[in-house]
$ cat upload12.txt   # compact mmCIF, N, CA and C atoms
# COMPACT_ATOMS: atom_id res chain seq x y z
N ALA A 199 -134.89 -14.81 86.81
CA ALA A 199 -134.61 -13.94 85.69
C ALA A 199 -133.73 -14.64 84.66
N ALA A 200 -133.29 -15.85 84.94
CA ALA A 200 -132.42 -16.58 84.03
C ALA A 200 -133.23 -17.15 82.86
N ASP A 201 -132.54 -17.40 81.78
CA ASP A 201 -133.15 -17.99 80.60
C ASP A 201 -133.65 -19.40 80.94
N PRO A 202 -134.92 -19.72 80.70
CA PRO A 202 -135.45 -21.04 81.05
C PRO A 202 -134.70 -22.19 80.37
N ALA A 203 -134.28 -22.00 79.15
CA ALA A 203 -133.54 -23.06 78.46
C ALA A 203 -132.22 -23.35 79.18
N SER A 204 -131.59 -22.29 79.68
CA SER A 204 -130.34 -22.47 80.43
C SER A 204 -130.59 -23.21 81.74
N LEU A 205 -131.69 -22.89 82.41
CA LEU A 205 -132.03 -23.58 83.66
C LEU A 205 -132.32 -25.06 83.43
N VAL A 206 -133.02 -25.36 82.34
CA VAL A 206 -133.31 -26.76 82.02
C VAL A 206 -132.01 -27.50 81.73
N GLN A 207 -131.12 -26.89 80.96
CA GLN A 207 -129.84 -27.53 80.65
C GLN A 207 -129.00 -27.71 81.91
N LEU A 208 -129.00 -26.71 82.79
CA LEU A 208 -128.27 -26.80 84.05
C LEU A 208 -128.80 -27.95 84.91
N ALA A 209 -130.12 -28.08 84.98
CA ALA A 209 -130.72 -29.16 85.76
C ALA A 209 -130.35 -30.52 85.17
N GLU A 210 -130.39 -30.65 83.86
CA GLU A 210 -130.04 -31.92 83.23
C GLU A 210 -128.57 -32.28 83.46
N ASN A 211 -127.69 -31.29 83.36
CA ASN A 211 -126.27 -31.54 83.60
C ASN A 211 -126.01 -31.90 85.06
N ALA A 212 -126.69 -31.22 85.98
CA ALA A 212 -126.52 -31.52 87.41
C ALA A 212 -127.03 -32.93 87.72
N GLU A 213 -128.12 -33.34 87.09
CA GLU A 213 -128.63 -34.69 87.29
C GLU A 213 -127.63 -35.73 86.78
N THR A 214 -126.97 -35.44 85.69
CA THR A 214 -125.95 -36.35 85.16
C THR A 214 -124.79 -36.49 86.14
N VAL A 215 -124.34 -35.36 86.68
CA VAL A 215 -123.24 -35.39 87.66
C VAL A 215 -123.67 -36.15 88.92
N MET A 216 -124.89 -35.89 89.40
CA MET A 216 -125.38 -36.60 90.58
C MET A 216 -125.42 -38.10 90.34
N ASN A 217 -125.89 -38.50 89.18
CA ASN A 217 -125.95 -39.92 88.85
C ASN A 217 -124.56 -40.53 88.83
N THR A 218 -123.60 -39.83 88.25
CA THR A 218 -122.23 -40.33 88.20
C THR A 218 -121.64 -40.47 89.59
N ILE A 219 -121.85 -39.45 90.44
CA ILE A 219 -121.35 -39.51 91.82
C ILE A 219 -121.96 -40.68 92.56
N ASN A 220 -123.28 -40.84 92.47
CA ASN A 220 -123.94 -41.91 93.20
C ASN A 220 -123.52 -43.29 92.73
N MET A 221 -123.36 -43.46 91.43
CA MET A 221 -122.91 -44.75 90.91
C MET A 221 -121.46 -45.03 91.33
N GLY A 222 -120.63 -43.98 91.33
CA GLY A 222 -119.24 -44.15 91.76
C GLY A 222 -119.14 -44.51 93.23
N LEU A 223 -119.92 -43.84 94.08
CA LEU A 223 -119.91 -44.16 95.50
C LEU A 223 -120.43 -45.57 95.76
N SER A 224 -121.42 -45.97 95.01
CA SER A 224 -121.93 -47.33 95.13
C SER A 224 -120.86 -48.34 94.75
N ALA A 225 -120.12 -48.05 93.68
CA ALA A 225 -119.05 -48.96 93.25
C ALA A 225 -117.94 -49.05 94.30
N VAL A 226 -117.57 -47.89 94.88
CA VAL A 226 -116.53 -47.89 95.93
C VAL A 226 -117.00 -48.71 97.13
N GLY A 227 -118.26 -48.55 97.53
CA GLY A 227 -118.80 -49.33 98.64
C GLY A 227 -118.80 -50.82 98.36
N THR A 228 -119.17 -51.19 97.16
CA THR A 228 -119.17 -52.61 96.79
C THR A 228 -117.77 -53.19 96.80
N ILE A 229 -116.82 -52.43 96.26
CA ILE A 229 -115.42 -52.90 96.25
C ILE A 229 -114.91 -53.05 97.68
N LEU A 230 -115.19 -52.08 98.54
CA LEU A 230 -114.73 -52.17 99.93
C LEU A 230 -115.36 -53.36 100.64
N ALA A 231 -116.65 -53.59 100.39
CA ALA A 231 -117.33 -54.70 101.05
C ALA A 231 -116.73 -56.04 100.63
N HIS A 232 -116.39 -56.18 99.36
CA HIS A 232 -115.82 -57.44 98.88
C HIS A 232 -114.34 -57.57 99.22
N ALA A 233 -113.65 -56.47 99.33
CA ALA A 233 -112.21 -56.51 99.57
C ALA A 233 -111.86 -56.58 101.05
N ALA A 234 -112.81 -56.33 101.93
CA ALA A 234 -112.51 -56.28 103.36
C ALA A 234 -111.91 -57.58 103.88
N SER A 235 -112.49 -58.69 103.50
CA SER A 235 -111.96 -59.98 103.99
C SER A 235 -110.69 -60.39 103.25
N GLU A 236 -110.50 -59.90 102.03
CA GLU A 236 -109.33 -60.26 101.23
C GLU A 236 -108.09 -59.48 101.63
N VAL A 237 -108.27 -58.22 101.98
CA VAL A 237 -107.14 -57.32 102.17
C VAL A 237 -106.49 -57.50 103.53
N GLY A 238 -107.30 -57.68 104.56
CA GLY A 238 -106.73 -57.79 105.89
C GLY A 238 -106.21 -56.46 106.37
N SER A 239 -104.97 -56.41 106.82
CA SER A 239 -104.42 -55.18 107.39
C SER A 239 -103.51 -54.43 106.43
N GLU A 240 -103.58 -54.74 105.14
CA GLU A 240 -102.70 -54.07 104.17
C GLU A 240 -103.09 -52.62 103.92
N ILE A 241 -104.33 -52.26 104.18
CA ILE A 241 -104.78 -50.89 103.99
C ILE A 241 -104.61 -50.15 105.30
N GLY A 242 -103.90 -49.03 105.24
CA GLY A 242 -103.65 -48.25 106.44
C GLY A 242 -104.86 -47.46 106.88
N GLY A 243 -104.87 -47.11 108.16
CA GLY A 243 -105.97 -46.33 108.71
C GLY A 243 -106.12 -44.98 108.05
N ASP A 244 -104.98 -44.37 107.66
CA ASP A 244 -105.05 -43.06 107.01
C ASP A 244 -105.73 -43.15 105.64
N THR A 245 -105.55 -44.26 104.97
CA THR A 245 -106.20 -44.46 103.67
C THR A 245 -107.71 -44.60 103.85
N ILE A 246 -108.12 -45.36 104.83
CA ILE A 246 -109.54 -45.53 105.11
C ILE A 246 -110.16 -44.20 105.54
N GLU A 247 -109.43 -43.43 106.36
CA GLU A 247 -109.93 -42.12 106.78
C GLU A 247 -110.10 -41.20 105.58
N SER A 248 -109.10 -41.17 104.69
CA SER A 248 -109.18 -40.32 103.50
C SER A 248 -110.35 -40.74 102.61
N LEU A 249 -110.56 -42.03 102.48
CA LEU A 249 -111.68 -42.52 101.68
C LEU A 249 -113.01 -42.12 102.31
N GLY A 250 -113.09 -42.17 103.62
CA GLY A 250 -114.29 -41.74 104.32
C GLY A 250 -114.58 -40.27 104.10
N TRP A 251 -113.53 -39.42 104.18
CA TRP A 251 -113.72 -37.99 103.92
C TRP A 251 -114.13 -37.74 102.48
N PHE A 252 -113.54 -38.50 101.56
CA PHE A 252 -113.90 -38.37 100.14
C PHE A 252 -115.38 -38.70 99.93
N ILE A 253 -115.83 -39.80 100.53
CA ILE A 253 -117.23 -40.19 100.38
C ILE A 253 -118.15 -39.12 100.98
N ALA A 254 -117.78 -38.59 102.14
CA ALA A 254 -118.60 -37.56 102.78
C ALA A 254 -118.68 -36.30 101.92
N GLU A 255 -117.55 -35.87 101.37
CA GLU A 255 -117.54 -34.64 100.56
C GLU A 255 -118.31 -34.82 99.26
N THR A 256 -118.13 -35.94 98.59
CA THR A 256 -118.85 -36.15 97.33
C THR A 256 -120.35 -36.31 97.58
N SER A 257 -120.72 -36.88 98.72
CA SER A 257 -122.14 -36.96 99.06
C SER A 257 -122.72 -35.57 99.31
N ASP A 258 -121.92 -34.70 99.95
CA ASP A 258 -122.36 -33.31 100.16
C ASP A 258 -122.55 -32.59 98.83
N VAL A 259 -121.66 -32.83 97.88
CA VAL A 259 -121.79 -32.21 96.56
C VAL A 259 -123.06 -32.71 95.88
N SER A 260 -123.32 -33.98 95.98
CA SER A 260 -124.52 -34.54 95.37
C SER A 260 -125.79 -33.94 95.99
N ALA A 261 -125.78 -33.75 97.31
CA ALA A 261 -126.93 -33.14 97.98
C ALA A 261 -127.12 -31.69 97.55
N ALA A 262 -126.02 -30.96 97.40
CA ALA A 262 -126.12 -29.57 96.94
C ALA A 262 -126.65 -29.51 95.51
N LEU A 263 -126.20 -30.44 94.68
CA LEU A 263 -126.69 -30.48 93.30
C LEU A 263 -128.18 -30.81 93.26
N LEU A 264 -128.65 -31.65 94.18
CA LEU A 264 -130.07 -31.96 94.22
C LEU A 264 -130.88 -30.71 94.52
N SER A 265 -130.41 -29.87 95.44
CA SER A 265 -131.10 -28.61 95.73
C SER A 265 -131.13 -27.71 94.49
N LEU A 266 -130.03 -27.66 93.77
CA LEU A 266 -129.95 -26.86 92.55
C LEU A 266 -130.92 -27.39 91.49
N VAL A 267 -130.95 -28.69 91.32
CA VAL A 267 -131.86 -29.31 90.34
C VAL A 267 -133.31 -28.99 90.69
N MET A 268 -133.66 -29.14 91.96
CA MET A 268 -135.04 -28.88 92.36
C MET A 268 -135.43 -27.42 92.13
N ALA A 269 -134.52 -26.49 92.39
CA ALA A 269 -134.81 -25.07 92.16
C ALA A 269 -134.98 -24.81 90.66
N CYS A 270 -134.10 -25.39 89.85
CA CYS A 270 -134.21 -25.19 88.40
C CYS A 270 -135.51 -25.78 87.86
N ARG A 271 -135.85 -26.98 88.32
CA ARG A 271 -137.08 -27.62 87.86
C ARG A 271 -138.32 -26.84 88.32
N TYR A 272 -138.27 -26.29 89.53
CA TYR A 272 -139.39 -25.51 90.04
C TYR A 272 -139.65 -24.28 89.17
N HIS A 273 -138.57 -23.60 88.79
CA HIS A 273 -138.72 -22.36 88.03
C HIS A 273 -138.97 -22.60 86.54
N THR A 274 -138.85 -23.84 86.10
CA THR A 274 -139.10 -24.14 84.68
C THR A 274 -140.23 -25.16 84.53
N ALA A 275 -141.05 -25.32 85.55
CA ALA A 275 -142.12 -26.32 85.50
C ALA A 275 -143.08 -26.10 84.34
N ASP A 276 -143.35 -24.84 84.01
CA ASP A 276 -144.30 -24.56 82.93
C ASP A 276 -143.60 -24.14 81.63
N TYR A 277 -142.31 -24.38 81.56
CA TYR A 277 -141.54 -24.00 80.36
C TYR A 277 -141.73 -25.04 79.27
N ALA A 278 -142.04 -24.57 78.09
CA ALA A 278 -142.14 -25.43 76.90
C ALA A 278 -141.16 -24.89 75.87
N PRO A 279 -140.15 -25.68 75.53
CA PRO A 279 -139.17 -25.19 74.56
C PRO A 279 -139.84 -24.88 73.23
N PRO A 280 -139.35 -23.87 72.53
CA PRO A 280 -139.95 -23.53 71.23
C PRO A 280 -139.75 -24.67 70.24
N ARG A 281 -140.75 -24.82 69.39
CA ARG A 281 -140.65 -25.85 68.36
C ARG A 281 -139.65 -25.42 67.30
N PRO A 282 -138.88 -26.36 66.79
CA PRO A 282 -137.95 -26.00 65.72
C PRO A 282 -138.70 -25.57 64.47
N GLN A 283 -138.16 -24.61 63.77
CA GLN A 283 -138.78 -24.11 62.54
C GLN A 283 -138.59 -25.13 61.42
N ARG A 284 -139.67 -25.39 60.74
CA ARG A 284 -139.60 -26.33 59.61
C ARG A 284 -139.60 -25.54 58.32
N ALA A 285 -138.98 -26.10 57.35
CA ALA A 285 -138.99 -25.47 56.01
C ALA A 285 -140.39 -25.61 55.44
N PRO A 286 -140.84 -24.62 54.70
CA PRO A 286 -142.18 -24.72 54.11
C PRO A 286 -142.24 -25.87 53.10
N ILE A 287 -143.41 -26.46 53.02
CA ILE A 287 -143.60 -27.57 52.09
C ILE A 287 -143.76 -26.99 50.69
N ALA A 288 -142.99 -27.54 49.77
CA ALA A 288 -143.07 -27.07 48.37
C ALA A 288 -144.15 -27.87 47.66
N ARG A 289 -145.07 -27.18 47.07
CA ARG A 289 -146.14 -27.87 46.33
C ARG A 289 -146.06 -27.42 44.87
N PHE A 290 -146.17 -28.39 44.00
CA PHE A 290 -146.08 -28.11 42.58
C PHE A 290 -147.37 -28.38 41.89

$ encode --input "upload12.txt" --output "structure tokens"
Amino acid sequence: AADPASLVQLAENAETVMNTINMGLSAVGTILAHAASEVGSEIGGDTIESLGWFIAETSDVSAALLSLVMACRYHTADYAPPRPQRAPIARF
């Protein structure tokens, strides 16, 4: 019963957030992989645990957003946004 334009915008915004989360998690993984041999034991176990929980929670958010995007896209599959109104052509 929601406005199709709102659903399309919601899906686009959710896709943007998902992309940002996934790129951020990828960057964190890359940094950890490269820093593991450099850092040694300077990083405490509690920090690694917190980072693990952070990655798990943000991945859960991304998965929930994917479900939202798929539902929005399903309900707007046949939606065609209205064409913008053009000014009439002046003929002399």

$ closest_residue --input "upload12.txt" --among "A:Gln283, A:Thr245, A:Asn217, A:Ser224" --to "Val259 of chain A" --atoms "only C-alpha atoms"
A:Asn217

$ select_by_dssp --input "upload12.txt" --residues "chain A" --states "helix (DSSP H, G or I)" --output "MDAnalysis selection string"
chainID A and resid 202:237 243:273

$ atom_distance --input "upload12.txt" --atom1 "atom N of Glu210 of chain A" --atom2 "atom C of Asp276 of chain A"
14.9 Å

$ atom_distance --input "upload12.txt" --atom1 "atom CA of Asp258 of chain A" --atom2 "atom CA of Pro202 of chain A"
26.2 Å

$ atom_distance --input "upload12.txt" --atom1 "atom CA of Leu249 of chain A" --atom2 "atom C of Val226 of chain A"
9.3 Å

$ closest_residue --input "upload12.txt" --among "A:Met221, A:Ala288, A:Val215, A:Cys270" --to "Ala199 of chain A" --atoms "only C-alpha atoms"
A:Cys270

$ closest_residue --input "upload12.txt" --among "A:Ala269, A:Leu208, A:Ile253, A:Ile246" --to "Leu223 of chain A" --atoms "only N, CA and C atoms"
A:Ile253

$ axis_aligned_box --input "upload12.txt" --around "segment 251-260 of chain A" --padding-each-side "4 Å" --output "JSON"
{"center_x": -119.7, "center_y": -36.2, "center_z": 99.8, "size_x": 20.3, "size_y": 16.0, "size_z": 16.8}

$ closest_residue --input "upload12.txt" --among "A:Ala261, A:Ala254, A:Ile229, A:Val267" --to "Ala209 of chain A" --atoms "only C-alpha atoms"
A:Val267
